[in-house]
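K.L.:
What follows is the file my_file23.txt, containing compact mmCIF, C-alpha atoms:
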# COMPACT_ATOMS: atom_id res chain seq x y z
CA MET A 1 0.00 0.00 0.00
CA ASN A 2 1.35 3.40 -0.98
CA VAL A 3 0.22 5.99 1.51
CA GLU A 4 1.11 9.61 0.81
CA ILE A 5 2.12 11.55 3.87
CA SER A 6 1.02 15.15 3.81
CA THR A 7 2.98 17.86 5.61
CA PRO A 8 2.09 21.54 5.73
CA ALA A 9 3.84 23.73 3.16
CA THR A 10 5.40 25.72 5.99
CA GLU A 11 6.87 22.82 7.97
CA LEU A 12 9.82 20.51 7.45
CA VAL A 13 10.37 17.45 9.61
CA GLN A 14 13.34 15.21 8.90
CA ARG A 15 15.16 12.52 10.83
CA LEU A 16 18.88 12.43 10.16
CA SER A 17 21.71 10.14 11.15
CA ALA A 18 23.48 11.26 14.30
CA THR A 19 26.74 11.76 12.42
CA PRO A 20 28.68 14.79 11.18
CA ARG A 21 27.20 14.11 7.73
CA GLY A 22 23.67 14.26 9.20
CA ALA A 23 24.50 17.58 10.88
CA ARG A 24 25.77 19.05 7.58
CA LEU A 25 22.63 17.84 5.81
CA ALA A 26 20.43 19.51 8.47
CA ARG A 27 22.08 22.84 7.69
CA ARG A 28 21.59 22.43 3.93
CA LEU A 29 17.97 21.35 4.35
CA THR A 30 17.35 24.51 6.35
CA GLY A 31 18.62 26.79 3.58
CA THR A 32 16.67 24.86 0.94
CA ALA A 33 13.42 24.92 2.93
CA LEU A 34 13.67 28.65 3.54
CA ALA A 35 14.39 29.29 -0.15
CA THR A 36 11.29 27.24 -1.02
CA TRP A 37 9.28 29.36 1.40
CA GLY A 38 10.46 32.58 -0.25
CA TYR A 39 13.46 33.47 1.94
CA PRO A 40 16.61 33.65 -0.22
CA TYR A 41 19.35 31.10 0.45
CA ASP A 42 21.88 33.91 0.76
CA GLY A 43 19.62 36.17 2.89
CA ASP A 44 20.07 37.12 6.54
CA LEU A 45 17.33 34.81 7.85
CA SER A 46 18.74 31.84 5.96
CA HIS A 47 22.29 32.50 7.16
CA THR A 48 21.14 32.89 10.77
CA ALA A 49 18.88 29.82 10.66
CA GLN A 50 21.62 27.72 9.07
CA LEU A 51 24.09 28.80 11.75
CA VAL A 52 21.64 27.97 14.55
CA VAL A 53 20.80 24.58 13.00
CA ALA A 54 24.50 23.84 12.53
CA GLU A 55 25.16 24.51 16.24
CA LEU A 56 22.16 22.52 17.47
CA ALA A 57 22.77 19.61 15.10
CA ALA A 58 26.46 19.49 16.05
CA ASN A 59 25.44 19.34 19.72
CA ALA A 60 22.89 16.60 19.00
CA VAL A 61 25.53 14.57 17.17
CA THR A 62 28.34 15.22 19.65
CA HIS A 63 26.59 15.25 23.03
CA GLY A 64 23.10 13.84 22.40
CA ARG A 65 24.01 10.82 20.31
CA VAL A 66 22.78 7.37 21.27
CA PRO A 67 24.20 4.63 18.99
CA GLY A 68 21.58 3.50 16.50
CA ARG A 69 19.31 6.52 17.08
CA ASP A 70 18.77 9.46 14.74
CA PHE A 71 18.21 13.10 15.60
CA GLU A 72 15.27 15.09 14.27
CA LEU A 73 15.14 18.50 12.64
CA ARG A 74 11.85 20.39 12.58
CA LEU A 75 11.38 23.80 10.99
CA ARG A 76 8.08 25.67 11.22
CA LEU A 77 7.37 28.95 9.50
CA LEU A 78 4.93 30.94 11.63
CA PRO A 79 4.28 34.12 9.60
CA GLU A 80 1.37 35.16 11.85
CA LYS A 81 3.88 35.41 14.71
CA GLY A 82 6.73 36.69 12.52
CA THR A 83 8.74 33.66 13.59
CA LEU A 84 10.74 30.73 12.31
CA ARG A 85 10.76 27.95 14.91
CA ILE A 86 13.66 25.53 14.80
CA GLU A 87 13.63 22.32 16.83
CA VAL A 88 16.42 19.77 17.08
CA SER A 89 15.63 16.63 19.07
CA ASP A 90 18.11 14.02 20.23
CA ALA A 91 17.75 10.73 22.06
CA ARG A 92 19.83 11.70 25.10
CA GLY A 93 17.63 12.91 27.95
CA ASP A 94 20.18 12.21 30.66
CA ARG A 95 22.52 15.00 29.58
CA ALA A 96 21.41 18.53 30.37
CA LEU A 97 22.63 21.43 28.26
CA ARG A 98 25.77 23.07 29.57
CA PHE A 99 27.25 26.47 28.93
CA LEU A 100 31.02 26.21 28.95
CA ASP A 101 33.00 29.20 30.06
CA GLY A 102 34.48 29.59 26.55
CA ARG A 103 37.93 30.87 27.47
CA LEU A 104 39.92 32.43 24.63
CA GLU A 105 42.18 29.39 24.32
CA ASP A 106 39.23 26.94 24.06
CA GLU A 107 38.46 25.60 20.59
CA ASN A 108 34.80 24.92 21.35
CA GLY A 109 32.13 25.49 23.95
CA ARG A 110 30.51 28.64 22.57
CA GLY A 111 27.71 27.15 20.45
CA LEU A 112 24.86 27.76 22.88
CA VAL A 113 26.09 31.28 23.53
CA VAL A 114 25.85 31.96 19.78
CA VAL A 115 22.34 30.46 19.73
CA GLN A 116 21.29 32.57 22.72
CA VAL A 117 22.52 35.77 21.06
CA LEU A 118 20.77 35.06 17.74
CA ALA A 119 17.46 33.78 19.13
CA LYS A 120 14.32 35.76 19.84
CA LEU A 121 13.43 32.97 22.31
CA TRP A 122 14.92 29.55 22.98
CA GLY A 123 14.62 26.69 25.41
CA VAL A 124 14.68 22.98 26.07
CA THR A 125 11.74 20.60 26.25
CA GLU A 126 12.08 17.15 27.78
CA ARG A 127 10.58 14.24 25.83
CA ASP A 128 9.76 10.64 26.70
CA VAL A 129 13.05 9.76 25.02
CA GLY A 130 15.60 12.54 24.85
CA LYS A 131 15.12 16.28 24.63
CA THR A 132 14.30 19.00 22.12
CA VAL A 133 16.21 22.25 21.92
CA TRP A 134 14.03 24.88 20.25
CA VAL A 135 14.83 28.32 18.95
CA GLU A 136 12.60 31.06 17.57
CA LEU A 137 14.05 33.54 15.09
CA ALA A 138 12.41 36.74 13.90
CA LEU A 139 11.44 36.49 10.24
CA GLY A 140 12.36 40.07 9.37
CA GLY A 141 11.62 41.46 5.92
CA GLY A 142 13.78 39.17 3.79
CA ARG A 143 11.08 37.56 1.62
CA ARG A 144 11.02 37.81 -2.14
CA GLY A 145 8.12 39.86 -3.44
CA ALA A 146 5.83 42.17 -1.50
CA ASP A 147 3.05 39.63 -1.04
CA ALA A 148 5.07 36.41 -1.34
CA GLU A 149 3.30 33.42 0.14
CA PRO A 150 5.10 30.27 1.23
CA HIS A 151 5.30 27.78 -1.61
CA GLY A 152 2.10 25.76 -1.68
CA ALA A 153 0.31 27.88 0.93
CA ALA A 154 -2.54 28.78 -1.43
CA GLU A 155 -3.00 25.21 -2.65
Transcribe the structure of this file into structure tokens.
P.N.:
Amino acid sequence: MNVEISTPATELVQRLSATPRGARLARRLTGTALATWGYPYDGDLSHTAQLVVAELAANAVTHGRVPGRDFELRLRLLPEKGTLRIEVSDARGDRALRFLDGRLEDENGRGLVVVQVLAKLWGVTERDVGKTVWVELALGGGRRGADAEPHGAAE
């Protein structure tokens, strides 16, 4: 039986392997989805969203990885709220998020600080298995066309 799964034209949900390759793909999918929704790939929103997704996906792969389990990327365009909501879920609920002190000589440990600076709002939601880190970004005025609608929104 071939069952077609319908998703809203303003939402992307994708499970990805908890590997560096999966994290890179999450970033590319973000830029592609936003371009499909009328936000240019090389625009400010796309760059910011891709950076946030890259940080969250890298954390999911590095700190939230459980062997044999994927991580999930969810993007939701909420034009009525002027918001793009990004959610990255991993299978590791036993590890809380940590802010490292990020000394100048450290090579990493600043990802969540970057996310906090770029986000309108952000937080963590516990799940039955794992956790979801969510971020809301302001949409701004970067859409193509004065009355551009997300692709497929009028269908």
K.L.:
Select, from A:Gly123, A:Glu136, A:Arg85, A:Ala54, the residue with the minimum atom-to-atom distance to Leu12 of chain A, counting only C-alpha atoms.
P.N.:
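Using only C-alpha atoms, the shortest distance to Leu12 of chain A belongs to A:Arg85.
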K.L.:
With all atoms listed in the file as the basis for distance, which of A:Val88, A:Ala60, A:Val114, A:Val52 is at the shortest distance from Leu137 of chain A?
P.N.:
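Smallest distance to Leu137 of chain A is found for A:Val52.
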K.L.:
Rank nothing, just name the residue among A:Ala58, A:Gly22, A:Val66, A:Asp128 nearest to Arg110 of chain A, using all atoms listed in the file.
P.N.:
A:Ala58
K.L.:
Which residues are close to Arg15 of chain A, i.e. within 10 Å by all atoms listed in the file, leaving aside same-chain residues fewer than 6 positions away? Reply as a count of residues only.
P.N.:
11
K.L.:
Please report the interatomic distance between atom CA of Pro40 of chain A and atom CA of Val135 of chain A in Å with one decimal.
P.N.:
20.0 Å
K.L.:
Just the number, please: distance in Å from atom CA of Arg27 of chain A to atom CA of Leu51 of chain A, one decimal.
P.N.:
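Calculated distance between atom CA of Arg27 of chain A and atom CA of Leu51 of chain A is 7.5 Å.
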K.L.:
Rank nothing, just name the residue among A:His63, A:Lys131, A:His47, A:Arg92 nearest to Ala35 of chain A, using only C-alpha atoms.
P.N.:
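Looking only at the distances to Ala35 of chain A, the closest residue turns out to be A:His47.
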K.L.:
Here is a test: counting only C-alpha atoms, which residue of A:Glu11, A:Asp44, A:Glu126, A:Glu55 is nearest to Leu75 of chain A?
P.N.:
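Closest to Leu75 of chain A of all the choices is A:Glu11.
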K.L.:
From the options A:Thr132, A:Thr10, A:Thr30, A:Thr48, which residue's atoms come nearest to Lys120 of chain A, counting all atoms listed in the file?
P.N.:
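Looking at the shortest contact to Lys120 of chain A, the residue is A:Thr48.
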K.L.:
Could you state the separation of atom CA of Val113 of chain A and atom CA of Tyr39 of chain A in Å, given to one decimal place?
P.N.:
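Result for atom CA of Val113 of chain A versus atom CA of Tyr39 of chain A: 25.1 Å, one decimal.
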